[in-house]
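S.K.: Handing you this structure, nothing more for now.
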Amino acid sequence: MAATEPRPGALRGRADATVRSPAGRRLQRRARALVLRLAFVFERLRVGATRRALRQRSEHPVRVALQALAPRPAPPSACLRALTHAALALPMLASSLVQASSLAGESALQIGRYQEGDRDLYGVTSAFDPIVVDVLEVGVGSTFSDLWRFDVRFTQDTWSGATPVAIAPQAMRGNRPTSPDGVSGATPYIEGSLYFDANLSVLETDGFGNWTGQVDDQLVHTISSASPETRQQFEGSLGRDHAFGDFEISGGVSLEPDFTSGFFDLTGTLDLDAGRTTLEFGLGYAHGSTDATIDHDAVPYIDTRSYGSQVGYDALGNKLVTGTRNDFRLRAGVVRLLDRSTRLEATAAYGHADGYLANPYKVVEVAFLDPSQQFLAPPGGYYGDVHALLERRPDARNEIAIGGRIARYVERSDTALRVGYAFGWDDWGIESQTFDFDIGQPIGFGFMLSPRFRYYTQNAADFYSPYLVSPQAYQTIVFDPGSGSVSVVPWNPAGLPADYTSDHRLAGFGTLGGGATLAKDLGRGIGLSLGFDYYSRAAAYQIGGSRRNDFMDFDAYTISGGLVIDLAALSLAGSGLASDHASGAHGPEHAGARPPAGVIAGHMLHRAGAFMLGYRSEYSRASGDMLKSSTVATTPQLVARACAPFLCGSAPQEMTMSMHMFELMFAPTRWLNLMIMPQYVSMEMQLVPLTGGPVDVHSQHAEHSTGGWGDLPMIALVRLFEVDEQRAHLGLGISAPTGSVSETLRLTHQDFQGYIHYGMQLGSGTWDLLPSLTFTGGHRRWSWGTQLDGVVRLEARNDSGYALGDRFRAQLWGGFAITPWLSGTLRGVYTWQDAIHGEYDGLHPVGSPPDHPSNYGGLFWDVGFGLRATVPEGLLRGQSLALEWVQPVATHFNGFQLERVGSLVVDFELTF
Amino acid sequence: MTRRSPRGAWVAVVLVVWLGVGCASPEPWQRSAFARPHMAPDADAPGRRLRAHVYQSREGTTPLDGSGGGGCGCY
């Protein structure tokens with residue numbers, strides 16, 4: 001370093017020492033923000049001579065400024081150094097360990113799928129598909145007022161498939177291996193018999209369950225099926241940068257049918273030594289409530305005494321396990337810059353949990369050696385009467401984890417290397433170690449390849465056991481000669497450990513994982529990524545592990561795709577964000593010139609080459625009375641006529657539908673726009689039994705849910721005419737049948753129940769034509785529009801044997817710009833929807849009105865009340881956010897259907 | 001079962017931090033490497049969240065960066 005260079009630490013120290021009052025601090029922050037902006041402007045001017053360099057810059061302005069200030073042959077000027085120093089005073093050294101759990105301050109869309117492979121059931125082929133989880137994440141984040149930032153994020157997981165419910169010796173044949181073809185497909189056995197020799201080694205059994213005399217110590221998972229479920233998580237954060245660091249508060253809720261949690265986190269950083277060292281802290285709290293319904297098929301076979309006080313029944317008689325838990329988490333860390341290219345992070349965390357910490361869907365097999373049944377035992381051995389006990393875990397858990405990570409930049413190859421290690425232990429007896437390694441390597445043309453590797457090992461919890469043996473009777477019948485009464489005395493808890501689990505996650509094992517992400521920087525703050533990860537769990541990977549646990553081995557893969565938008569970079573890079581709507585060829589449009597949120601394909605881009613990214617979310621709810629056409633149907637009507645020629649046993653009480661649609665629009669020319677709109681849908685329905693109706697599957701399973709990717713509409717919009725603000729365009733689209741039409745009721749029943757309701761399938765299953773004609777106009781602060789659109793099924797039946805009805809819709813709307821940035825809209829909608837043609841060609845229940853194809857469609861009149869805000873200035877200038885509540889006005893259903901409540905539509909569009 | 005003492009891990013972390021503090025840290029204008037997008041601590045944040053969720057659902061310990069949310073993971 002040159003001797004004449006200023007000492008930034010001294011400069012900063014003087015500033016901090018002289019500015020003590022709140023007003024002074026505000027001035028200081030503003031000054032710092034101004035200096036930061038000047039740094040950016042300075043950098044822009046300096047590199048402005050090379051337009052190519054400008055186009056390639058898409059990083060955050062702070063990073064852009066820093067890149068420009070990299071060591072150069074000529075020594076930096078004093079001005080430049082001062083600006084650099086000011087920029088570096090901003091906190092940006094938070095460790096990846098903390099950042100991973102916080103919200104990143106950028107807008108992102110990510111989809112992913114986790115898919116497990118088949119479990120080894122040792123000669124039995126499971127008919128249950130391996131577990132699969134579809135993940136959708138949508139987040140919007142940005143900065144405002146220079147120092148503040150916010151994020152809101154929505155995450156949705158939908159999972160289904162096979163999951164282990166217990167572990168049992170293979171000789172118990174819990175996966176129904178007594179079937180002639182060795183295929184397991186029905187309810188697994190979690191009760192049964194075991195035969196032991198004198199050493200309590202399990203004896204082999206033949207296909208009829210009789211012991212053969214040979215020892216068979218092979219263990220195997222008992223596989224059941226997880227009912228399809230959807231979890232939704234909403235979270236948000238608010239952060240602020242300070243002169244000495246930053247501070248963030250975040251929180252959210254996670255909602256799923258059997259578990260609800262609320263959580264919040266406080267995190268902060270403190271910069272020391274001119275930013276060379278950053279201290280971090282974090283404090284988190286979560287409260288969760290379990291409300292789990294035990295599978296009614298398994299209820300008679302699961303002993304719930306271990307949580308007797310927390311077991312109850314709901315109004316329908318379903319057995320519930322309830323409980324609450326609290327989780328506290330403290331984190332502290334330090335980040336240190338070791339040299340020009342090396343960053344060191346060290347973090348320690350302490351966690352405490354108390355309450356109901358068990359898994360309500362896992363049982364432990366216990367072989368009761370009932371003395372009165374030993375006449376069934378093999379010579380010199382024992383007979384075990386096996387029962388399934390709900391697992392029991394301690395009511396509290398304390399965890400400590402420490403870890404470190406080194407990140408190093410290799411300038412010669414422009415490579416980032418990261419190596420991390422973490423060690424964790426808890427008072428359940430689990431110790432774990434994690435080693436991970438990843439590389440970030442630009443490979444040219446704006447692509448970044450990031451391969452990674454991870455190794456994890458843990459030993460088993462103290463109370464883990466694949467199964468238990470207890471030398472007592474499961475229950476004893478006692479006759480009291482005095483009173484003549486007979487009583488049943490259950491097993492004695494003293495004959496079992498205080499806690500027990502056979503959850504495979506608390507066993508000893510190791511995992512190896514590897515994968516890579518390929519990211520493409522599209523410039524202007526927009527990036528795409530595609531990721532793949534392979535994950536393998538094996539007993540052999542555990543340090544000091546035993547191959548006896550290799551029956552739990554499995555592998556899985558995760559694929560993901562993401563779109564990340566840095567709004568700050570998008571704006572500050574001069575991308576022309578909002579250049580289409582806000583400053584198109586026809587001058588600025590006010591907020592009312594756009595259609596209401598519920599109108600799809602209602603406008604076109606006006607500039608050739610423009611892109612639009614849109615996100616539309618619709619939440620619809622039906623609840624209340626069952627209607628016959630437009631009048632309330634009586635229960636006898638529903639029972640006798642709604643499922644004709646069968647009798648209805650239940651009827652919907654409430655149904656909700658959520659749709660997340662992503663709109664990608666591109667204008668190759670001014671007169672032609674192309675749109676593609678992938679959508680993710682999820683539905684839930686609650687049913688109630690009908691008095692006087694037969695008992696059907698819905699009476700016992702009162703809740704259904706489905707979720708996943710729906711159909712894929714692709715639309716071409718053609719401009720017909722344009723005179724002043726009066727415009728018309730024609731839409732011609734097609735919908736690809738990417739949504740599933742083979743969703744079924746849960747497989748784990750005594751009998752396979754077949755397809756779920758038609759309305760809960762995820763798509764139409766047919767190729768559909770989507771024609772539309774739209775007219776929009778405006779004058780001064782007023783705007784109006786009308787659209788005619790339809791859905792024409794191009795196939796008579798889908799793969800499941802039916803076709804949804806065609807649809808025609810006419811709508812008319814008007815808008816008034818209350819202010820230049822806010823408008824109100826009013827929309828009238830008429831919809832005709834035909835009934836379903838055909839019916840399922842496979843097994844399906846007809847026990848409730850939605851099971852019958854005639855109970856779909858009708859005539860509907862709706863009114864929409866909307867607001868649309870268009871950002872007039874600043875970072876998001878010209879972008880719009882619209883809300884609309886669609887209120888049903890008149891309804892004429894085909895057949896018997898559940899009364900509509902309404903829909904809420906949210907639409908956000910980003911044009912650039 | 002023989003347990004690994006946590007003391008060694010603590011010592012290792014303290015030692016690494018102490019060594020880090022002892023190093024000659026770069027001046028502000030010497031930190032361009034840390035501004036590279038692939039050196040950012042939160043690089044590929046959405047992907048990391050997805051992978052962390054998988055680990056949290058399939059392993060027995062809470063990750064070092066674990067926080068609230070994430071659901072039951074009972075499957």
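Chain labels A, B, ... are given in the sequence in which chains occur in the structure tokens; within each chain residues are numbered consecutively from 1, and ligands are likewise numbered from 1 in the order shown.
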Give me the residues within 7 Å of His38 in chain B as an MDAnalysis selection string, counting only C-alpha atoms and dropping any in the same chain fewer than 2 places off.
M.R.: (chainID A and resid 416 440) or (chainID B and resid 36 40 43)
S.K.: Please identify which residues in range 319-422 of chain A DSSP calls helix (DSSP H, G or I) from the backbone, and express them as a list in words.
M.R.: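 Checking each residue of range 319-422 of chain A, the helix (DSSP H, G or I) ones are Pro371, Ser372, Gln373, Gln374, Phe375 and Leu376 of chain A.
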S.K.: Next, write the just-selected residues to a file, as a JSON list (two decimals), in the first residue's frame, keeping N, CA and C atoms as the atom set.
M.R.:
```
[["chain", "number", "residue", "atom", "x", "y", "z"],
["A", 371, "PRO", "N", -46.50, -64.66, 28.85],
["A", 371, "PRO", "CA", -46.29, -66.01, 29.40],
["A", 371, "PRO", "C", -47.43, -66.97, 29.07],
["A", 372, "SER", "N", -48.64, -66.42, 28.97],
["A", 372, "SER", "CA", -49.77, -67.31, 28.73],
["A", 372, "SER", "C", -49.83, -67.77, 27.27],
["A", 373, "GLN", "N", -49.01, -67.20, 26.40],
["A", 373, "GLN", "CA", -49.04, -67.59, 24.99],
["A", 373, "GLN", "C", -47.82, -68.39, 24.57],
["A", 374, "GLN", "N", -46.97, -68.72, 25.50],
["A", 374, "GLN", "CA", -45.71, -69.36, 25.13],
["A", 374, "GLN", "C", -45.90, -70.80, 24.67],
["A", 375, "PHE", "N", -47.10, -71.30, 24.76],
["A", 375, "PHE", "CA", -47.33, -72.63, 24.19],
["A", 375, "PHE", "C", -47.19, -72.58, 22.65],
["A", 376, "LEU", "N", -47.22, -71.35, 22.09],
["A", 376, "LEU", "CA", -47.04, -71.19, 20.65],
["A", 376, "LEU", "C", -45.56, -71.10, 20.26]]
```
S.K.: Pick out the residues sitting within 10 Å of Thr61 in chain B, and hand them over as a ChimeraX atom specification; count only C-alpha atoms, and ignore anything fewer than 3 positions along from it in its own chain.
M.R.: /A:399-401,424-426,430-433,458,505-506 /B:55-58,64,66
S.K.: Generate the output file for the selected residues, N, CA, C and O atoms, as a PDB file, in the first residue's frame.
M.R.:
```pdb
ATOM      1  N   GLU A 399     -29.909 -28.732  21.477  1.00  0.00           N
ATOM      2  CA  GLU A 399     -28.947 -28.982  20.404  1.00  0.00           C
ATOM      3  C   GLU A 399     -27.891 -27.882  20.386  1.00  0.00           C
ATOM      4  O   GLU A 399     -28.208 -26.712  20.639  1.00  0.00           O
ATOM      5  N   ILE A 400     -26.708 -28.265  20.066  1.00  0.00           N
ATOM      6  CA  ILE A 400     -25.627 -27.300  19.850  1.00  0.00           C
ATOM      7  C   ILE A 400     -24.947 -27.653  18.532  1.00  0.00           C
ATOM      8  O   ILE A 400     -24.733 -28.831  18.232  1.00  0.00           O
ATOM      9  N   ALA A 401     -24.681 -26.654  17.763  1.00  0.00           N
ATOM     10  CA  ALA A 401     -23.983 -26.882  16.500  1.00  0.00           C
ATOM     11  C   ALA A 401     -22.938 -25.794  16.327  1.00  0.00           C
ATOM     12  O   ALA A 401     -23.176 -24.627  16.646  1.00  0.00           O
ATOM     13  N   GLY A 424     -22.532 -31.147  15.127  1.00  0.00           N
ATOM     14  CA  GLY A 424     -23.699 -30.922  15.975  1.00  0.00           C
ATOM     15  C   GLY A 424     -23.907 -32.067  16.943  1.00  0.00           C
ATOM     16  O   GLY A 424     -23.556 -33.213  16.659  1.00  0.00           O
ATOM     17  N   TRP A 425     -24.417 -31.752  18.096  1.00  0.00           N
ATOM     18  CA  TRP A 425     -24.776 -32.803  19.043  1.00  0.00           C
ATOM     19  C   TRP A 425     -25.944 -32.323  19.891  1.00  0.00           C
ATOM     20  O   TRP A 425     -26.209 -31.114  19.993  1.00  0.00           O
ATOM     21  N   ASP A 426     -26.661 -33.300  20.453  1.00  0.00           N
ATOM     22  CA  ASP A 426     -27.816 -32.936  21.269  1.00  0.00           C
ATOM     23  C   ASP A 426     -27.961 -33.914  22.415  1.00  0.00           C
ATOM     24  O   ASP A 426     -27.250 -34.922  22.485  1.00  0.00           O
ATOM     25  N   ILE A 430     -27.649 -37.753  19.658  1.00  0.00           N
ATOM     26  CA  ILE A 430     -27.252 -37.694  18.242  1.00  0.00           C
ATOM     27  C   ILE A 430     -26.064 -36.751  18.079  1.00  0.00           C
ATOM     28  O   ILE A 430     -26.088 -35.624  18.566  1.00  0.00           O
ATOM     29  N   GLU A 431     -25.052 -37.241  17.400  1.00  0.00           N
ATOM     30  CA  GLU A 431     -23.945 -36.401  16.985  1.00  0.00           C
ATOM     31  C   GLU A 431     -23.858 -36.464  15.472  1.00  0.00           C
ATOM     32  O   GLU A 431     -24.007 -37.539  14.876  1.00  0.00           O
ATOM     33  N   SER A 432     -23.633 -35.335  14.893  1.00  0.00           N
ATOM     34  CA  SER A 432     -23.599 -35.301  13.438  1.00  0.00           C
ATOM     35  C   SER A 432     -22.415 -34.479  12.957  1.00  0.00           C
ATOM     36  O   SER A 432     -21.929 -33.585  13.663  1.00  0.00           O
ATOM     37  N   GLN A 433     -21.967 -34.801  11.774  1.00  0.00           N
ATOM     38  CA  GLN A 433     -20.915 -34.023  11.127  1.00  0.00           C
ATOM     39  C   GLN A 433     -21.323 -33.796   9.678  1.00  0.00           C
ATOM     40  O   GLN A 433     -21.860 -34.698   9.022  1.00  0.00           O
ATOM     41  N   GLN A 458     -24.437 -39.232  10.977  1.00  0.00           N
ATOM     42  CA  GLN A 458     -24.974 -39.084  12.335  1.00  0.00           C
ATOM     43  C   GLN A 458     -25.073 -40.465  12.959  1.00  0.00           C
ATOM     44  O   GLN A 458     -25.206 -41.476  12.267  1.00  0.00           O
ATOM     45  N   ARG A 505     -35.032 -41.453  10.570  1.00  0.00           N
ATOM     46  CA  ARG A 505     -34.224 -40.231  10.644  1.00  0.00           C
ATOM     47  C   ARG A 505     -33.457 -40.124  11.951  1.00  0.00           C
ATOM     48  O   ARG A 505     -32.553 -39.306  12.083  1.00  0.00           O
ATOM     49  N   LEU A 506     -33.840 -40.926  12.932  1.00  0.00           N
ATOM     50  CA  LEU A 506     -33.126 -40.912  14.205  1.00  0.00           C
ATOM     51  C   LEU A 506     -32.227 -42.125  14.351  1.00  0.00           C
ATOM     52  O   LEU A 506     -31.717 -42.398  15.426  1.00  0.00           O
TER      53      LEU A 506
ATOM     54  N   TYR B  55     -32.705 -31.667   3.442  1.00  0.00           N
ATOM     55  CA  TYR B  55     -31.873 -32.194   4.526  1.00  0.00           C
ATOM     56  C   TYR B  55     -32.651 -32.188   5.850  1.00  0.00           C
ATOM     57  O   TYR B  55     -32.588 -33.127   6.630  1.00  0.00           O
ATOM     58  N   GLN B  56     -33.385 -31.117   6.086  1.00  0.00           N
ATOM     59  CA  GLN B  56     -34.097 -31.002   7.358  1.00  0.00           C
ATOM     60  C   GLN B  56     -35.191 -32.063   7.474  1.00  0.00           C
ATOM     61  O   GLN B  56     -35.532 -32.493   8.563  1.00  0.00           O
ATOM     62  N   SER B  57     -35.752 -32.468   6.318  1.00  0.00           N
ATOM     63  CA  SER B  57     -36.825 -33.462   6.334  1.00  0.00           C
ATOM     64  C   SER B  57     -36.304 -34.884   6.379  1.00  0.00           C
ATOM     65  O   SER B  57     -37.062 -35.797   6.688  1.00  0.00           O
ATOM     66  N   ARG B  58     -35.045 -35.087   6.057  1.00  0.00           N
ATOM     67  CA  ARG B  58     -34.545 -36.444   5.925  1.00  0.00           C
ATOM     68  C   ARG B  58     -33.414 -36.775   6.892  1.00  0.00           C
ATOM     69  O   ARG B  58     -32.901 -37.894   6.862  1.00  0.00           O
ATOM     70  N   LEU B  64     -27.289 -26.109  10.957  1.00  0.00           N
ATOM     71  CA  LEU B  64     -26.705 -24.964  11.644  1.00  0.00           C
ATOM     72  C   LEU B  64     -27.458 -23.678  11.327  1.00  0.00           C
ATOM     73  O   LEU B  64     -27.600 -22.797  12.163  1.00  0.00           O
ATOM     74  N   GLY B  66     -30.615 -23.587  10.555  1.00  0.00           N
ATOM     75  CA  GLY B  66     -32.046 -23.851  10.676  1.00  0.00           C
ATOM     76  C   GLY B  66     -32.759 -22.732  11.397  1.00  0.00           C
ATOM     77  O   GLY B  66     -32.208 -22.050  12.252  1.00  0.00           O
TER      78      GLY B  66
END
```
S.K.: Select, from A:Arg900, A:Arg231, A:His242, A:Arg607, the residue with the minimum atom-to-atom distance to chain B, counting only C-alpha atoms.
M.R.: A:Arg231
S.K.: Near range 853-858 of chain A, counting only C-alpha atoms, which residues have an atom at most 7 Å away, once you skip same-chain residues fewer than 6 positions from it, shown as a list in words?
M.R.: Trp832, Gln833, Asp834, Ala835, Ile836, Glu839, His892, Phe893, Asn894, Gly895, Phe896 and Gln897 of chain A
S.K.: Create the file for the chosen residues now, containing C-alpha atoms and written as a CSV table (one decimal), in the first residue's frame.
M.R.:
```csv
chain,number,residue,atom,x,y,z
A,832,TRP,CA,-71.5,-20.5,-19.3
A,833,GLN,CA,-69.8,-23.8,-18.5
A,834,ASP,CA,-71.0,-27.1,-19.9
A,835,ALA,CA,-71.3,-30.2,-17.8
A,836,ILE,CA,-68.7,-33.0,-18.0
A,839,GLU,CA,-67.1,-40.4,-17.0
A,892,HIS,CA,-77.6,-21.5,-12.0
A,893,PHE,CA,-75.7,-24.7,-11.4
A,894,ASN,CA,-76.0,-27.9,-13.5
A,895,GLY,CA,-77.2,-30.4,-10.9
A,896,PHE,CA,-76.1,-30.2,-7.3
A,897,GLN,CA,-73.1,-28.1,-6.4
```
S.K.: So which residues touch Ala33 in chain B within 7 Å, counting only C-alpha atoms, skipping near sequence neighbours fewer than 2 positions away, as a PyMOL selection string?
M.R.: (chain A and resi 340-341+409) or (chain B and resi 31+35-36)
S.K.: Kindly indicate which residue among A:Ala166, A:Ala642, A:Val688, A:Ile818 lies nearest to chain B, using only C-alpha atoms for the distances.
M.R.: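 Looking only at the distances to chain B, the closest residue turns out to be A:Ala166.
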S.K.: Residues at most 12 Å from Gly444 in chain A, counting only C-alpha atoms, excluding those fewer than 5 positions away in the same chain, as a list of chain:residue names?
M.R.: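 Counting only C-alpha atoms, the residues come to A:Gln56, A:Ser413, A:Asp414, A:Leu449, A:Leu518, A:Ala519, A:Lys520, A:Asp521.
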S.K.: Looking only at the backbone, which of the residues in range 733-900 of chain A does DSSP tag as strand (DSSP E), as a ChimeraX atom specification?
M.R.: /A:733-736,768-779,782-793,802-803,807-817,822-833,837-838,858-870,880-893,896-900
S.K.: Give me the residues near Leu390 in chain A as a list in words, where near means some atom within 7 Å (using only C-alpha atoms) and where sequence neighbours in that chain fewer than 2 positions away do not count.
M.R.: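 The contact residues come out as Ile302, Asp303, Thr304, Ser306, Lys362, Val363, Val364, Ala388 and Arg392 of chain A.
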S.K.: For all heavy atoms, I'd like the residues from the last selection saved as a PDB file, in the first residue's frame.
M.R.:
```pdb
ATOM      1  N   ILE A 302     -53.156 -49.317  16.213  1.00  0.00           N
ATOM      2  CA  ILE A 302     -52.121 -48.467  16.805  1.00  0.00           C
ATOM      3  C   ILE A 302     -52.469 -48.190  18.254  1.00  0.00           C
ATOM      4  O   ILE A 302     -53.544 -47.662  18.561  1.00  0.00           O
ATOM      5  CB  ILE A 302     -51.983 -47.141  16.029  1.00  0.00           C
ATOM      6  CG1 ILE A 302     -51.476 -47.401  14.616  1.00  0.00           C
ATOM      7  CG2 ILE A 302     -51.044 -46.192  16.754  1.00  0.00           C
ATOM      8  CD1 ILE A 302     -51.301 -46.152  13.779  1.00  0.00           C
ATOM      9  N   ASP A 303     -51.559 -48.553  19.121  1.00  0.00           N
ATOM     10  CA  ASP A 303     -51.733 -48.310  20.556  1.00  0.00           C
ATOM     11  C   ASP A 303     -51.237 -46.901  20.862  1.00  0.00           C
ATOM     12  O   ASP A 303     -50.056 -46.598  20.662  1.00  0.00           O
ATOM     13  CB  ASP A 303     -50.935 -49.352  21.353  1.00  0.00           C
ATOM     14  CG  ASP A 303     -51.233 -49.292  22.839  1.00  0.00           C
ATOM     15  OD1 ASP A 303     -51.174 -48.166  23.396  1.00  0.00           O
ATOM     16  OD2 ASP A 303     -51.510 -50.342  23.436  1.00  0.00           O
ATOM     17  N   THR A 304     -52.120 -46.067  21.341  1.00  0.00           N
ATOM     18  CA  THR A 304     -51.767 -44.659  21.570  1.00  0.00           C
ATOM     19  C   THR A 304     -51.609 -44.333  23.050  1.00  0.00           C
ATOM     20  O   THR A 304     -51.631 -43.167  23.438  1.00  0.00           O
ATOM     21  CB  THR A 304     -52.843 -43.738  20.961  1.00  0.00           C
ATOM     22  OG1 THR A 304     -54.104 -44.061  21.551  1.00  0.00           O
ATOM     23  CG2 THR A 304     -52.939 -43.911  19.454  1.00  0.00           C
ATOM     24  N   SER A 306     -49.122 -44.221  24.859  1.00  0.00           N
ATOM     25  CA  SER A 306     -47.937 -43.429  25.206  1.00  0.00           C
ATOM     26  C   SER A 306     -48.254 -41.940  25.223  1.00  0.00           C
ATOM     27  O   SER A 306     -47.569 -41.168  25.886  1.00  0.00           O
ATOM     28  CB  SER A 306     -46.810 -43.714  24.211  1.00  0.00           C
ATOM     29  OG  SER A 306     -47.250 -43.479  22.887  1.00  0.00           O
ATOM     30  N   LYS A 362     -45.555 -42.326  13.117  1.00  0.00           N
ATOM     31  CA  LYS A 362     -44.564 -43.393  13.238  1.00  0.00           C
ATOM     32  C   LYS A 362     -44.895 -44.259  14.451  1.00  0.00           C
ATOM     33  O   LYS A 362     -45.227 -43.729  15.531  1.00  0.00           O
ATOM     34  CB  LYS A 362     -43.154 -42.816  13.403  1.00  0.00           C
ATOM     35  CG  LYS A 362     -42.717 -41.868  12.287  1.00  0.00           C
ATOM     36  CD  LYS A 362     -42.552 -42.563  10.954  1.00  0.00           C
ATOM     37  CE  LYS A 362     -42.026 -41.585   9.918  1.00  0.00           C
ATOM     38  NZ  LYS A 362     -42.060 -42.161   8.561  1.00  0.00           N
ATOM     39  N   VAL A 363     -44.789 -45.560  14.271  1.00  0.00           N
ATOM     40  CA  VAL A 363     -45.034 -46.475  15.370  1.00  0.00           C
ATOM     41  C   VAL A 363     -43.801 -47.341  15.585  1.00  0.00           C
ATOM     42  O   VAL A 363     -42.936 -47.454  14.708  1.00  0.00           O
ATOM     43  CB  VAL A 363     -46.261 -47.376  15.106  1.00  0.00           C
ATOM     44  CG1 VAL A 363     -47.520 -46.548  14.986  1.00  0.00           C
ATOM     45  CG2 VAL A 363     -46.050 -48.231  13.853  1.00  0.00           C
ATOM     46  N   VAL A 364     -43.738 -47.930  16.761  1.00  0.00           N
ATOM     47  CA  VAL A 364     -42.660 -48.860  17.095  1.00  0.00           C
ATOM     48  C   VAL A 364     -43.281 -50.231  17.334  1.00  0.00           C
ATOM     49  O   VAL A 364     -44.257 -50.357  18.072  1.00  0.00           O
ATOM     50  CB  VAL A 364     -41.899 -48.391  18.353  1.00  0.00           C
ATOM     51  CG1 VAL A 364     -40.847 -49.419  18.749  1.00  0.00           C
ATOM     52  CG2 VAL A 364     -41.261 -47.036  18.109  1.00  0.00           C
ATOM     53  N   ALA A 388     -48.248 -52.468  17.635  1.00  0.00           N
ATOM     54  CA  ALA A 388     -47.649 -51.197  17.204  1.00  0.00           C
ATOM     55  C   ALA A 388     -47.999 -50.113  18.213  1.00  0.00           C
ATOM     56  O   ALA A 388     -49.174 -49.816  18.438  1.00  0.00           O
ATOM     57  CB  ALA A 388     -48.161 -50.815  15.822  1.00  0.00           C
ATOM     58  N   ARG A 392     -42.656 -42.657  21.084  1.00  0.00           N
ATOM     59  CA  ARG A 392     -42.601 -41.700  22.194  1.00  0.00           C
ATOM     60  C   ARG A 392     -41.203 -41.095  22.256  1.00  0.00           C
ATOM     61  O   ARG A 392     -40.202 -41.808  22.266  1.00  0.00           O
ATOM     62  CB  ARG A 392     -42.931 -42.385  23.510  1.00  0.00           C
ATOM     63  CG  ARG A 392     -42.898 -41.418  24.680  1.00  0.00           C
ATOM     64  CD  ARG A 392     -43.482 -41.960  25.951  1.00  0.00           C
ATOM     65  NE  ARG A 392     -43.406 -40.915  26.971  1.00  0.00           N
ATOM     66  CZ  ARG A 392     -44.301 -39.962  27.131  1.00  0.00           C
ATOM     67  NH1 ARG A 392     -45.378 -39.935  26.368  1.00  0.00           N
ATOM     68  NH2 ARG A 392     -44.152 -39.024  28.047  1.00  0.00           N
TER      69      ARG A 392
END
```
S.K.: Rounded to one decimal, what separation in Å do you get between CA of Gly649 in chain A and CA of Thr635 in chain A?
M.R.: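 For CA of Gly649 in chain A relative to CA of Thr635 in chain A, the distance reads 10.1 Å.
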